[in-house]
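Colleague: Pasting protein_8.csv here (CSV, C-alpha atoms and all ligand atoms):
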chain,number,residue,atom,x,y,z
A,1,MET,CA,-113.3,-158.3,-19.7
A,2,ARG,CA,-115.9,-158.6,-22.4
A,3,VAL,CA,-118.6,-157.9,-19.9
A,4,LEU,CA,-116.8,-154.7,-18.8
A,5,LEU,CA,-116.4,-153.6,-22.4
A,6,LYS,CA,-120.0,-154.1,-23.0
A,7,LEU,CA,-120.9,-152.1,-19.9
A,8,LYS,CA,-118.7,-149.2,-21.1
A,9,GLN,CA,-120.5,-149.3,-24.4
A,10,THR,CA,-123.8,-149.2,-22.7
A,11,SER,CA,-123.0,-146.1,-20.6
A,12,PHE,CA,-121.6,-144.5,-23.7
A,13,LEU,CA,-124.9,-145.2,-25.4
A,14,SER,CA,-126.8,-143.8,-22.5
A,15,LEU,CA,-124.7,-140.6,-22.6
A,16,ILE,CA,-125.5,-140.1,-26.3
A,17,LEU,CA,-129.2,-140.7,-25.5
A,18,ILE,CA,-129.0,-138.1,-22.8
A,19,CYS,CA,-127.4,-135.6,-25.1
A,20,LEU,CA,-130.0,-136.2,-27.7
A,21,GLY,CA,-133.0,-136.1,-25.4
A,22,LEU,CA,-134.8,-132.9,-24.6
A,23,PHE,CA,-136.7,-132.9,-21.4
A,24,GLN,CA,-140.3,-131.8,-22.0
A,25,SER,CA,-142.1,-131.3,-18.8
A,26,LEU,CA,-143.4,-127.8,-18.6
A,27,GLN,CA,-144.1,-127.7,-14.9
A,28,THR,CA,-141.9,-125.2,-13.0
A,29,VAL,CA,-140.8,-125.2,-9.4
A,30,LYS,CA,-142.6,-123.2,-6.7
A,31,GLY,CA,-140.9,-124.2,-3.5
A,32,ASP,CA,-139.6,-127.0,-1.4
A,33,TYR,CA,-142.9,-128.1,0.2
A,34,LEU,CA,-145.6,-128.4,-2.4
A,35,GLY,CA,-148.4,-129.4,0.0
A,36,LEU,CA,-150.2,-132.7,0.1
A,37,ASN,CA,-151.0,-134.8,-3.0
A,38,PRO,CA,-154.7,-135.7,-3.5
A,39,GLN,CA,-154.1,-138.8,-1.5
A,40,GLY,CA,-152.7,-136.9,1.5
A,41,MET,CA,-149.0,-137.6,1.1
A,42,PRO,CA,-146.7,-134.6,1.4
A,43,ILE,CA,-144.8,-133.5,-1.7
A,44,TYR,CA,-141.3,-132.0,-1.5
A,45,THR,CA,-138.9,-131.0,-4.2
A,46,VAL,CA,-135.3,-132.3,-4.4
A,47,ASP,CA,-133.2,-129.9,-6.4
A,48,LEU,CA,-130.5,-131.7,-8.4
A,49,ASP,CA,-128.9,-128.4,-9.3
A,50,LEU,CA,-127.9,-127.8,-5.7
A,51,PRO,CA,-124.5,-129.2,-4.6
A,52,PRO,CA,-125.1,-132.8,-3.5
A,53,ARG,CA,-124.6,-131.9,0.2
A,54,GLU,CA,-127.6,-129.5,0.1
A,55,ARG,CA,-130.1,-131.6,-1.8
A,56,PHE,CA,-131.7,-133.6,0.9
A,57,LYS,CA,-131.2,-131.3,3.9
A,58,GLU,CA,-134.7,-129.8,3.9
A,59,THR,CA,-136.5,-133.1,3.9
A,60,ALA,CA,-134.0,-134.6,6.4
A,61,ILE,CA,-135.0,-131.9,8.9
A,62,VAL,CA,-138.7,-132.4,8.3
A,63,PHE,CA,-138.4,-136.2,8.9
A,64,LYS,CA,-135.7,-136.1,11.5
A,65,GLU,CA,-137.8,-137.2,14.6
A,66,HIS,CA,-139.3,-140.1,12.7
A,67,TYR,CA,-136.0,-141.1,11.2
A,68,PHE,CA,-134.3,-141.3,14.7
A,69,VAL,CA,-137.0,-143.7,15.9
A,70,ILE,CA,-136.2,-146.1,13.0
A,71,GLU,CA,-132.4,-145.6,13.5
A,72,ARG,CA,-132.6,-146.6,17.2
A,73,LEU,CA,-134.8,-149.5,16.4
A,74,TYR,CA,-132.3,-151.0,13.8
A,75,MET,CA,-129.3,-150.2,15.9
A,76,GLY,CA,-130.7,-152.5,18.5
A,77,TYR,CA,-130.1,-155.4,16.2
A,78,LEU,CA,-126.5,-154.6,15.4
A,79,THR,CA,-123.7,-156.8,16.6
A,80,PRO,CA,-120.2,-155.3,17.4
A,81,VAL,CA,-118.8,-157.1,14.3
A,82,MET,CA,-121.5,-155.5,12.1
A,83,ARG,CA,-120.7,-152.1,13.6
A,84,ALA,CA,-117.0,-152.5,12.8
A,85,VAL,CA,-117.8,-153.5,9.2
A,86,ILE,CA,-120.0,-150.4,8.8
A,87,HIS,CA,-117.2,-148.1,10.0
A,88,MET,CA,-114.8,-149.8,7.5
A,89,PHE,CA,-117.4,-149.4,4.8
A,90,ALA,CA,-117.9,-145.7,5.6
A,91,ASP,CA,-114.2,-145.2,5.2
A,92,VAL,CA,-114.2,-146.4,1.6
A,93,PHE,CA,-117.7,-145.2,0.6
A,94,TRP,CA,-116.7,-141.6,0.0
A,95,ILE,CA,-114.0,-142.8,-2.5
A,96,VAL,CA,-116.2,-145.0,-4.6
A,97,HIS,CA,-119.4,-142.9,-4.4
A,98,PRO,CA,-118.3,-139.3,-3.8
A,99,THR,CA,-121.7,-137.7,-4.8
A,100,TYR,CA,-123.9,-140.0,-2.8
A,101,TRP,CA,-121.5,-139.7,0.2
A,102,GLU,CA,-121.9,-135.9,0.0
A,103,GLU,CA,-125.7,-136.3,0.0
A,104,ILE,CA,-125.5,-138.6,3.1
A,105,LYS,CA,-123.1,-136.2,4.8
A,106,GLY,CA,-125.6,-133.3,4.1
A,107,MET,CA,-128.4,-135.3,5.6
A,108,ALA,CA,-126.4,-136.3,8.7
A,109,GLU,CA,-125.3,-132.6,9.2
A,110,ALA,CA,-128.9,-131.4,8.9
A,111,ILE,CA,-130.2,-133.8,11.6
A,112,GLU,CA,-127.1,-133.7,13.7
A,113,GLY,CA,-126.8,-137.5,13.3
A,114,LYS,CA,-123.9,-139.9,12.7
A,115,GLU,CA,-122.9,-140.2,9.0
A,116,THR,CA,-122.0,-143.8,9.4
A,117,LEU,CA,-125.4,-144.6,10.8
A,118,VAL,CA,-127.3,-142.6,8.1
A,119,LEU,CA,-125.2,-144.6,5.6
A,120,LEU,CA,-126.0,-147.9,7.2
A,121,ILE,CA,-129.7,-147.2,7.2
A,122,GLN,CA,-129.7,-146.8,3.5
A,123,TYR,CA,-128.5,-150.4,3.2
A,124,VAL,CA,-130.8,-151.7,5.8
A,125,TYR,CA,-133.8,-150.4,3.9
A,126,GLU,CA,-132.5,-152.0,0.8
A,127,LEU,CA,-132.5,-155.5,2.2
A,128,SER,CA,-136.0,-155.5,3.8
A,129,ALA,CA,-138.5,-154.4,1.2
A,130,PHE,CA,-141.2,-156.9,0.1
A,131,CYS,CA,-143.4,-155.8,-2.7
A,132,THR,CA,-145.9,-156.5,-5.4
A,133,SER,CA,-145.4,-154.9,-8.8
A,134,THR,CA,-147.9,-155.5,-11.6
A,135,ILE,CA,-147.9,-154.1,-15.2
A,136,ALA,CA,-150.9,-154.8,-17.5
A,137,TYR,CA,-152.5,-153.3,-20.6
A,138,ASP,CA,-156.2,-152.8,-21.2
A,139,SER,CA,-158.3,-153.4,-24.3
A,140,THR,CA,-157.1,-150.0,-25.8
A,141,GLY,CA,-153.5,-151.0,-25.3
A,142,LEU,CA,-153.0,-148.4,-22.4
A,143,ILE,CA,-150.3,-149.6,-20.0
A,144,HIS,CA,-151.0,-149.5,-16.2
A,145,HIS,CA,-148.4,-150.0,-13.5
A,146,GLY,CA,-149.3,-150.8,-9.9
A,147,ARG,CA,-147.0,-151.4,-7.0
A,148,ASN,CA,-147.3,-152.0,-3.3
A,149,LEU,CA,-144.3,-151.4,-1.0
A,150,ASP,CA,-144.1,-153.6,2.1
A,151,TYR,CA,-141.7,-153.1,5.0
A,152,PRO,CA,-141.2,-154.2,8.6
A,153,PHE,CA,-142.4,-151.5,11.0
A,154,PRO,CA,-144.9,-150.1,8.5
A,155,GLN,CA,-146.4,-147.5,10.8
A,156,LEU,CA,-143.0,-146.0,11.5
A,157,MET,CA,-142.0,-146.1,7.8
A,158,ARG,CA,-145.3,-144.5,6.7
A,159,ASN,CA,-144.3,-141.5,8.8
A,160,LEU,CA,-141.2,-141.1,6.6
A,161,ALA,CA,-142.9,-141.5,3.2
A,162,TYR,CA,-143.2,-138.5,0.9
A,163,GLU,CA,-143.6,-137.8,-2.8
A,164,ALA,CA,-140.5,-136.3,-4.2
A,165,HIS,CA,-140.2,-134.1,-7.3
A,166,PHE,CA,-136.6,-134.2,-8.5
A,167,ILE,CA,-135.8,-130.9,-10.2
A,168,LYS,CA,-133.2,-130.1,-12.8
A,169,ASP,CA,-133.0,-126.7,-14.6
A,170,LYS,CA,-136.1,-125.6,-12.7
A,171,ARG,CA,-138.3,-128.4,-14.2
A,172,ILE,CA,-139.4,-131.7,-12.8
A,173,LEU,CA,-137.1,-134.3,-14.1
A,174,TYR,CA,-138.8,-137.3,-12.4
A,175,LYS,CA,-141.1,-138.1,-9.5
A,176,ALA,CA,-140.5,-140.7,-6.9
A,177,VAL,CA,-141.9,-142.0,-3.6
A,178,MET,CA,-139.1,-141.6,-1.0
A,179,PHE,CA,-138.4,-142.1,2.7
A,180,GLY,CA,-137.0,-139.1,4.6
A,181,VAL,CA,-133.2,-139.2,5.2
A,182,THR,CA,-132.5,-141.5,2.3
A,183,ASN,CA,-131.3,-140.9,-1.3
A,184,GLY,CA,-132.2,-144.1,-3.1
A,185,VAL,CA,-135.4,-144.5,-5.2
A,186,SER,CA,-137.6,-147.5,-4.9
A,187,VAL,CA,-140.3,-146.3,-7.3
A,188,GLY,CA,-140.2,-143.4,-9.7
A,189,GLN,CA,-141.5,-142.0,-13.0
A,190,ARG,CA,-139.9,-139.9,-15.7
A,191,ASN,CA,-141.7,-138.7,-18.7
A,192,GLY,CA,-142.8,-141.9,-20.5
A,193,PHE,CA,-141.6,-144.6,-18.1
A,194,THR,CA,-142.0,-145.9,-14.5
A,195,ILE,CA,-139.6,-148.1,-12.6
A,196,SER,CA,-140.3,-150.0,-9.3
A,197,ILE,CA,-138.1,-152.4,-7.4
A,198,ASN,CA,-138.9,-155.6,-5.5
A,199,GLN,CA,-136.5,-157.2,-3.2
A,200,ARG,CA,-135.2,-160.5,-4.6
A,201,SER,CA,-134.9,-163.1,-1.9
A,202,PRO,CA,-135.8,-166.4,-3.6
A,203,THR,CA,-136.1,-169.4,-1.5
A,204,LYS,CA,-133.0,-171.0,-2.9
A,205,MET,CA,-130.7,-168.0,-2.3
A,206,LYS,CA,-131.1,-167.5,1.4
A,207,SER,CA,-127.7,-168.5,2.6
A,208,LYS,CA,-125.0,-166.9,4.8
A,209,THR,CA,-122.6,-166.9,1.9
A,210,ASN,CA,-125.0,-164.8,-0.1
A,211,GLN,CA,-125.2,-162.2,2.6
A,212,PHE,CA,-121.5,-162.2,2.8
A,213,VAL,CA,-121.2,-161.6,-1.0
A,214,ASN,CA,-123.7,-158.7,-0.6
A,215,MET,CA,-121.4,-157.2,2.0
A,216,ALA,CA,-118.3,-157.7,0.0
A,217,ASN,CA,-120.0,-156.0,-3.0
A,218,MET,CA,-120.8,-153.0,-0.9
A,219,PHE,CA,-117.1,-152.3,-0.8
A,220,MET,CA,-116.8,-152.3,-4.5
A,221,SER,CA,-117.8,-149.4,-6.6
A,222,ASN,CA,-121.2,-151.0,-7.5
A,223,ASN,CA,-124.4,-149.3,-6.6
A,224,LYS,CA,-127.3,-150.7,-4.6
A,225,PRO,CA,-130.4,-151.3,-6.7
A,226,THR,CA,-132.3,-148.1,-5.5
A,227,LEU,CA,-129.4,-146.0,-6.8
A,228,VAL,CA,-129.4,-147.9,-10.1
A,229,ILE,CA,-133.1,-146.9,-10.4
A,230,ARG,CA,-132.2,-143.3,-9.5
A,231,GLU,CA,-129.5,-143.3,-12.2
A,232,ALA,CA,-131.8,-144.8,-14.8
A,233,LEU,CA,-134.3,-142.0,-14.0
A,234,GLU,CA,-131.6,-139.3,-14.1
A,235,ASN,CA,-129.7,-140.6,-17.1
A,236,CYS,CA,-132.4,-141.8,-19.4
A,237,THR,CA,-135.0,-140.0,-21.5
A,238,ASN,CA,-136.9,-143.0,-22.6
A,239,TYR,CA,-138.0,-146.5,-21.8
A,240,GLU,CA,-135.4,-148.4,-23.9
A,241,CYS,CA,-132.5,-146.6,-22.3
A,242,ALA,CA,-133.9,-147.2,-18.8
A,243,LEU,CA,-134.5,-150.9,-19.5
A,244,ASN,CA,-130.9,-151.2,-20.7
A,245,VAL,CA,-129.5,-149.5,-17.6
A,246,LEU,CA,-131.6,-151.7,-15.3
A,247,ALA,CA,-130.4,-154.8,-17.2
A,248,THR,CA,-126.7,-154.0,-17.4
A,249,THR,CA,-125.5,-152.0,-14.5
A,250,PRO,CA,-123.5,-154.0,-12.0
A,251,GLN,CA,-125.1,-153.9,-8.5
A,252,ILE,CA,-124.4,-155.0,-5.0
A,253,ALA,CA,-127.3,-157.4,-4.6
A,254,PRO,CA,-129.8,-159.3,-6.7
A,255,SER,CA,-133.2,-157.6,-7.3
A,256,TYR,CA,-136.3,-157.5,-9.5
A,257,TYR,CA,-137.1,-154.4,-11.5
A,258,ALA,CA,-140.5,-153.7,-13.0
A,259,ILE,CA,-140.5,-151.1,-15.8
A,260,SER,CA,-143.4,-149.8,-17.8
A,261,GLY,CA,-143.4,-147.4,-20.8
A,262,ASN,CA,-146.1,-145.6,-22.8
A,263,GLU,CA,-146.1,-147.6,-26.1
A,264,THR,CA,-147.5,-151.0,-27.1
A,265,TYR,CA,-146.1,-153.8,-25.0
A,266,GLN,CA,-143.6,-151.6,-23.2
A,267,GLY,CA,-143.5,-153.4,-19.9
A,268,ALA,CA,-140.9,-155.7,-18.5
A,269,ILE,CA,-139.9,-157.5,-15.3
A,270,ILE,CA,-136.2,-158.0,-15.0
A,271,THR,CA,-134.7,-160.5,-12.6
A,272,ARG,CA,-131.2,-159.3,-11.8
A,273,ASP,CA,-128.2,-161.1,-10.5
A,274,ARG,CA,-125.3,-158.8,-9.4
A,275,PHE,CA,-123.6,-158.6,-12.8
A,276,SER,CA,-126.2,-159.9,-15.3
A,277,VAL,CA,-129.8,-160.6,-16.0
A,278,ALA,CA,-131.2,-163.9,-14.7
A,279,HIS,CA,-134.5,-163.6,-16.5
A,280,ILE,CA,-136.8,-161.1,-18.3
A,281,ASP,CA,-140.5,-161.2,-18.8
A,282,THR,CA,-142.1,-158.7,-21.2
A,283,LEU,CA,-145.6,-157.8,-22.2
A,284,SER,CA,-146.5,-159.1,-25.7
A,285,LYS,CA,-149.5,-159.9,-27.9
A,286,GLU,CA,-150.0,-163.1,-25.9
A,287,ARG,CA,-149.1,-161.7,-22.5
A,288,TRP,CA,-151.3,-158.8,-21.3
A,289,TYR,CA,-149.9,-158.7,-17.8
A,290,ILE,CA,-146.8,-159.4,-15.8
A,291,ASN,CA,-146.5,-159.6,-12.1
A,292,GLN,CA,-143.6,-159.8,-9.6
A,293,ASN,CA,-143.6,-160.6,-5.9
A,294,ASN,CA,-140.5,-161.7,-4.1
A,295,ASP,CA,-139.6,-165.1,-5.5
A,296,ASP,CA,-138.3,-166.3,-8.9
A,297,HIS,CA,-141.7,-166.9,-10.4
A,298,TRP,CA,-140.1,-168.1,-13.7
A,299,THR,CA,-138.7,-171.2,-11.9
A,300,GLY,CA,-142.3,-172.3,-11.3
A,301,ILE,CA,-142.6,-170.9,-7.8
A,302,CYS,CA,-145.7,-168.8,-7.3
A,303,THR,CA,-146.2,-167.6,-3.7
A,304,GLN,CA,-149.6,-166.8,-2.2
A,305,ARG,CA,-149.4,-163.1,-3.2
A,306,CYS,CA,-148.4,-164.1,-6.7
A,307,LEU,CA,-151.3,-166.6,-7.0
A,308,TYR,CA,-153.7,-164.0,-5.7
A,309,VAL,CA,-152.8,-161.4,-8.4
A,310,ASN,CA,-152.9,-164.0,-11.1
A,311,GLU,CA,-156.3,-165.3,-10.1
A,312,ARG,CA,-157.8,-161.9,-9.8
A,313,LEU,CA,-156.5,-160.7,-13.1
A,314,GLN,CA,-157.4,-163.8,-15.0
A,315,SER,CA,-160.9,-163.8,-13.6
A,316,ILE,CA,-161.4,-160.2,-14.9
A,317,GLY,CA,-159.8,-161.1,-18.3
A,318,ARG,CA,-157.8,-159.0,-20.7
A,319,HIS,CA,-160.8,-157.5,-22.5
A,320,ALA,CA,-162.6,-156.3,-19.5
A,321,PHE,CA,-159.5,-155.1,-17.5
A,322,LYS,CA,-159.3,-151.5,-16.4
A,323,GLY,CA,-156.8,-149.5,-14.4
A,324,SER,CA,-159.2,-149.2,-11.5
A,325,ASP,CA,-159.1,-153.1,-11.3
A,326,LEU,CA,-155.4,-153.0,-10.7
A,327,VAL,CA,-155.8,-150.4,-7.9
A,328,GLU,CA,-158.5,-152.5,-6.3
A,329,ILE,CA,-156.7,-155.8,-6.5
A,330,LEU,CA,-153.6,-154.3,-4.9
A,331,SER,CA,-155.6,-152.7,-2.1
A,332,GLU,CA,-156.9,-156.1,-0.9
A,333,TRP,CA,-155.2,-158.8,1.1
A,334,PRO,CA,-152.8,-160.5,0.7
A,335,ALA,CA,-151.3,-157.8,-1.8
A,336,ASN,CA,-152.2,-155.2,0.9
A,337,ASN,CA,-151.1,-156.7,4.3
A,338,LYS,CA,-150.0,-155.5,7.6
A,339,GLU,CA,-146.5,-154.6,6.3
A,340,THR,CA,-147.8,-152.5,3.4
A,341,ILE,CA,-147.0,-148.8,3.5
A,342,HIS,CA,-148.0,-147.3,0.2
A,343,HIS,CA,-149.4,-148.0,-3.3
A,344,LEU,CA,-148.3,-146.4,-6.5
A,345,TYR,CA,-150.5,-146.3,-9.6
A,346,SER,CA,-149.0,-144.9,-12.8
A,347,VAL,CA,-150.1,-144.6,-16.4
A,348,ASN,CA,-147.1,-143.1,-18.3
A,349,SER,CA,-149.1,-142.1,-21.4
A,350,HIS,CA,-151.3,-139.8,-19.2
A,351,GLY,CA,-148.5,-138.7,-16.8
A,352,THR,CA,-150.4,-140.3,-13.9
A,353,PHE,CA,-148.3,-140.9,-10.9
A,354,ASP,CA,-150.5,-141.5,-7.8
A,355,PRO,CA,-148.9,-142.7,-4.6
A,356,TYR,CA,-151.0,-143.2,-1.5
A,357,TYR,CA,-150.8,-144.8,1.9
A,358,LEU,CA,-152.2,-148.3,2.3
A,359,GLU,CA,-152.9,-150.0,5.5
A,360,ASN,CA,-154.2,-153.4,6.5
A,361,ASP,CA,-154.0,-155.5,9.7
A,362,LYS,CA,-154.1,-158.9,8.1
A,363,GLU,CA,-151.0,-161.1,8.1
A,364,ALA,CA,-148.1,-160.5,5.7
A,365,ILE,CA,-147.3,-163.6,3.7
A,366,MET,CA,-144.9,-164.5,0.9
B,1,LIG,C1,-125.4,-142.1,-15.2
B,1,LIG,O1,-124.6,-141.0,-15.6
B,1,LIG,C2,-123.4,-140.7,-14.8
B,1,LIG,C3,-122.8,-139.4,-15.3
B,1,LIG,O2,-122.6,-139.5,-16.6
B,1,LIG,C4,-122.5,-141.9,-14.9
B,1,LIG,O3,-121.4,-141.7,-14.0
B,1,LIG,C5,-123.2,-143.1,-14.4
B,1,LIG,O4,-122.4,-144.3,-14.5
B,1,LIG,C6,-124.5,-143.4,-15.2
B,1,LIG,N1,-125.2,-144.4,-14.5
B,1,LIG,C7,-125.7,-145.5,-15.1
B,1,LIG,C8,-126.3,-146.5,-14.3
B,1,LIG,O5,-125.6,-145.7,-16.3
B,2,LIG,C1,-143.7,-141.5,-24.3
B,2,LIG,O1,-142.5,-141.6,-23.8
B,2,LIG,C2,-141.4,-140.9,-24.5
B,2,LIG,C3,-140.1,-141.2,-23.8
B,2,LIG,O2,-139.9,-142.6,-23.8
B,2,LIG,C4,-141.7,-139.4,-24.5
B,2,LIG,O3,-140.8,-138.8,-25.3
B,2,LIG,C5,-143.1,-139.2,-25.1
B,2,LIG,O4,-143.4,-137.8,-24.9
B,2,LIG,C6,-144.1,-140.0,-24.3
B,2,LIG,N1,-145.5,-139.8,-24.9
B,2,LIG,C7,-146.6,-139.7,-24.2
B,2,LIG,C8,-147.8,-139.6,-25.0
B,2,LIG,O5,-146.5,-139.7,-23.0
Rewrite the structure from the file as structure tokens, please.
Modeller:
Amino acid sequence: MRVLLKLKQTSFLSLILICLGLFQSLQTVKGDYLGLNPQGMPIYTVDLDLPPRERFKETAIVFKEHYFVIERLYMGYLTPVMRAVIHMFADVFWIVHPTYWEEIKGMAEAIEGKETLVLLIQYVYELSAFCTSTIAYDSTGLIHHGRNLDYPFPQLMRNLAYEAHFIKDKRILYKAVMFGVTNGVSVGQRNGFTISINQRSPTKMKSKTNQFVNMANMFMSNNKPTLVIREALENCTNYECALNVLATTPQIAPSYYAISGNETYQGAIITRDRFSVAHIDTLSKERWYINQNNDDHWTGICTQRCLYVNERLQSIGRHAFKGSDLVEILSEWPANNKETIHHLYSVNSHGTFDPYYLENDKEAIM
């Protein structure tokens, strides 16, 4: 009860913050397809002023063929019981998430696909992302955020990746890297802050019960982590608000969030349980970088990808570190491995948001 009350207060606080916040980006919208970004990734707008059912139709059509390849692939793994569960889930989803359901219906309509399968794919993606997220400040105090996204079937997923500019009142509200025919955000930047997600699958939590709890949670009104990120980007005008949303919003599965801001020491990695925070690391005077892979590093476990980033950053040192070092470190194995799809480099103070494709044929390791 007390937790609930606290959550209510938090959303109230976010609401006030939204009302007070004035969005400042001056860029205006030209059209749906904005061409390729300097790194060759297509850019599309997603207009939040459209009714939810219309928002993702354009991009769904663009990525339709690639999407069906992935859908067929995952369907091959489904057992009859899982199919039955999905149908039950689709039956309640529209009640608990009416807006997101409309978006999904719109995408399914656009590609002439099955709503239930489009819905399912959103959840499949959620459970299979492996990533590296690193936030560090340089000798001038400037904060850099780097992140690699790793997925099974990387070549197929790369075909679905695009840079999205979410529009509200004809201005860019936030930018994200998305996959066609999905509505969750795994990495995004709004004026002043960037958020990225890493899947949390610590060694000690890999049990059948856990997966069952994930499923049970799908039926409750809680969101999946990529929708929590989207709401943080949509509802918050600043770093503190977003940090608060990421730390307090109930969600269907555990996750890690990396969030960077644009002021001194604004950087945090939040380890989330479904209803609470398990651990938070923040930048500080003593701590010039924080890094997250896919295990609970704060319990003393540092996997090979975690060791690699630590070693590289420490050998450069806090005084010599530059943003280009972060990009370089994350472009090399094992941070960049055969499951890596794209990299995102952001510097909030400069409005830098640079996503680009990454590729490597060396083994993917924890
Ligand atoms: C974001 O704002 C919407 C609309 O006010 C609200 O329903 C939702 O709960 C908020 N999300 C979060 C995560 O605070
Ligand atoms: C820093 O972020 C805040 C929002 O958290 C924003 O209002 C401000 O304009 C940003 N400043 C710079 C220099 O980017």
Colleague: List as JSON lines every residue of chain A that is in contact with ligand LIG 2 (chain B), defined as an atom at most 7 Å from one of its atoms (using all atoms listed in the file), together with the nearest atom pair and the distance in Å rounded to one decimal, sorted by chain and then rising number.
Modeller:
{"residue": "A:Asn191", "atom": "CA", "partner": "B:LIG2", "partner_atom": "C4", "distance": 5.8}
{"residue": "A:Gly192", "atom": "CA", "partner": "B:LIG2", "partner_atom": "O1", "distance": 3.3}
{"residue": "A:Phe193", "atom": "CA", "partner": "B:LIG2", "partner_atom": "O2", "distance": 6.3}
{"residue": "A:Thr237", "atom": "CA", "partner": "B:LIG2", "partner_atom": "C3", "distance": 5.7}
{"residue": "A:Asn238", "atom": "CA", "partner": "B:LIG2", "partner_atom": "O2", "distance": 3.3}
{"residue": "A:Tyr239", "atom": "CA", "partner": "B:LIG2", "partner_atom": "O2", "distance": 4.8}
{"residue": "A:Gly261", "atom": "CA", "partner": "B:LIG2", "partner_atom": "O1", "distance": 6.6}
{"residue": "A:Asn262", "atom": "CA", "partner": "B:LIG2", "partner_atom": "C1", "distance": 5.0}
{"residue": "A:Glu263", "atom": "CA", "partner": "B:LIG2", "partner_atom": "C1", "distance": 6.8}
{"residue": "A:Asn348", "atom": "CA", "partner": "B:LIG2", "partner_atom": "O5", "distance": 5.8}
{"residue": "A:Ser349", "atom": "CA", "partner": "B:LIG2", "partner_atom": "O5", "distance": 3.9}
{"residue": "A:His350", "atom": "CA", "partner": "B:LIG2", "partner_atom": "O5", "distance": 6.1}
{"residue": "A:Gly351", "atom": "CA", "partner": "B:LIG2", "partner_atom": "O5", "distance": 6.6}
Colleague: So which residues touch Lys175 of chain A within 10 Å, counting all atoms listed in the file, skipping near sequence neighbours fewer than 5 positions away, as a PyMOL selection string?
Modeller: chain A and resi 43+45-46+163-167+185+187-191+194+233+353
Colleague: Could you list, as a VMD selection string, all the residues within 6 Å of ligand LIG 1 (chain B), counting all atoms listed in the file?
Modeller: chain A and resid 11 228 231 to 232 235 245 249
Colleague: Compare A:Leu142, A:Leu227, A:Ile61, A:Cys131 by their minimum atom-to-atom distance to Tyr100 of chain A, counting all atoms listed in the file, and give me the closest one.
Modeller: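 Answer, going by the shortest atom-to-atom distance: A:Leu227.
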Colleague: Provide the atom CA of Arg272 of chain A to atom CA of Ser260 of chain A distance in Å, to one decimal place.
Modeller: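 Value for the atom CA of Arg272 of chain A-atom CA of Ser260 of chain A distance: 16.6 Å.
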Colleague: Around the point (-133.7, -157.9, -2.1), in the coordinates given by the file, pick out the residues reaching within 10 Å, counting only C-alpha atoms, and return them as a JSON list (two decimals) with C-alpha atoms, keeping the file's coordinate frame.
Modeller:
[["chain", "number", "residue", "atom", "x", "y", "z"],
["A", 125, "TYR", "CA", -133.80, -150.40, 3.90],
["A", 126, "GLU", "CA", -132.50, -152.00, 0.80],
["A", 127, "LEU", "CA", -132.50, -155.50, 2.20],
["A", 128, "SER", "CA", -136.00, -155.50, 3.80],
["A", 129, "ALA", "CA", -138.50, -154.40, 1.20],
["A", 130, "PHE", "CA", -141.20, -156.90, 0.10],
["A", 131, "CYS", "CA", -143.40, -155.80, -2.70],
["A", 197, "ILE", "CA", -138.10, -152.40, -7.40],
["A", 198, "ASN", "CA", -138.90, -155.60, -5.50],
["A", 199, "GLN", "CA", -136.50, -157.20, -3.20],
["A", 200, "ARG", "CA", -135.20, -160.50, -4.60],
["A", 201, "SER", "CA", -134.90, -163.10, -1.90],
["A", 202, "PRO", "CA", -135.80, -166.40, -3.60],
["A", 224, "LYS", "CA", -127.30, -150.70, -4.60],
["A", 225, "PRO", "CA", -130.40, -151.30, -6.70],
["A", 253, "ALA", "CA", -127.30, -157.40, -4.60],
["A", 254, "PRO", "CA", -129.80, -159.30, -6.70],
["A", 255, "SER", "CA", -133.20, -157.60, -7.30],
["A", 256, "TYR", "CA", -136.30, -157.50, -9.50],
["A", 294, "ASN", "CA", -140.50, -161.70, -4.10],
["A", 295, "ASP", "CA", -139.60, -165.10, -5.50]]
Colleague: Between A:Cys241, A:Leu36, A:Ala335, A:Ala161, which has the minimum distance to Arg305 of chain A (counting all atoms listed in the file)?
Modeller: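 For Arg305 of chain A, the nearest of the given residues is A:Ala335.
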Colleague: I'd like the contact shell of Ser196 of chain A - 6 Å cut-off, all atoms listed in the file, skipping same-chain residues fewer than 4 positions apart - returned as a CSV table (one decimal) with C-alpha atoms, keeping the file's coordinate frame.
Modeller:
chain,number,residue,atom,x,y,z
A,186,SER,CA,-137.6,-147.5,-4.9
A,187,VAL,CA,-140.3,-146.3,-7.3
A,257,TYR,CA,-137.1,-154.4,-11.5
A,258,ALA,CA,-140.5,-153.7,-13.0
Colleague: List the neighbours of segment 90-95 of chain A out to 10 Å using only C-alpha atoms; skip same-chain residues closer than 2 positions along the sequence, and give me the result as a list in words.
Modeller: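 Neighbouring residues, sequence-local ones excluded: Ala84, Val85, Ile86, His87, Met88, His97, Pro98, Thr99, Tyr100, Trp101, Glu102, Ile104, Lys105, Glu115, Thr116, Leu117, Leu119, Leu120, Met218, Phe219, Met220 and Ser221 of chain A.
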Colleague: How far is it from atom CA of Gly267 of chain A to atom CA of Thr282 of chain A, in Å with one decimal?
Modeller: 5.6 Å
Colleague: Hey, can you check how far atom CA of Ala108 of chain A sits from atom CA of Glu65 of chain A?
Modeller: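 Pair atom CA of Ala108 of chain A / atom CA of Glu65 of chain A returns 12.9 Å.
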Colleague: From the list A:Tyr162, A:Tyr345, A:Tyr289, A:Tyr308, which residue is nearest Gly40 of chain A when using only C-alpha atoms?
Modeller: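 Under the stated criterion, the closest residue is A:Tyr162.
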Colleague: Tell me, as a list in words, which residues lie within 12 Å of Asp361 of chain A, counting all atoms listed in the file; anything in the same chain fewer than 6 positions away does not count.
Modeller: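 Contacts, with the query itself left out: Pro154, Gln155, Glu332, Trp333, Pro334, Asn336, Asn337, Lys338, Glu339, Thr340 and Ile341 of chain A.
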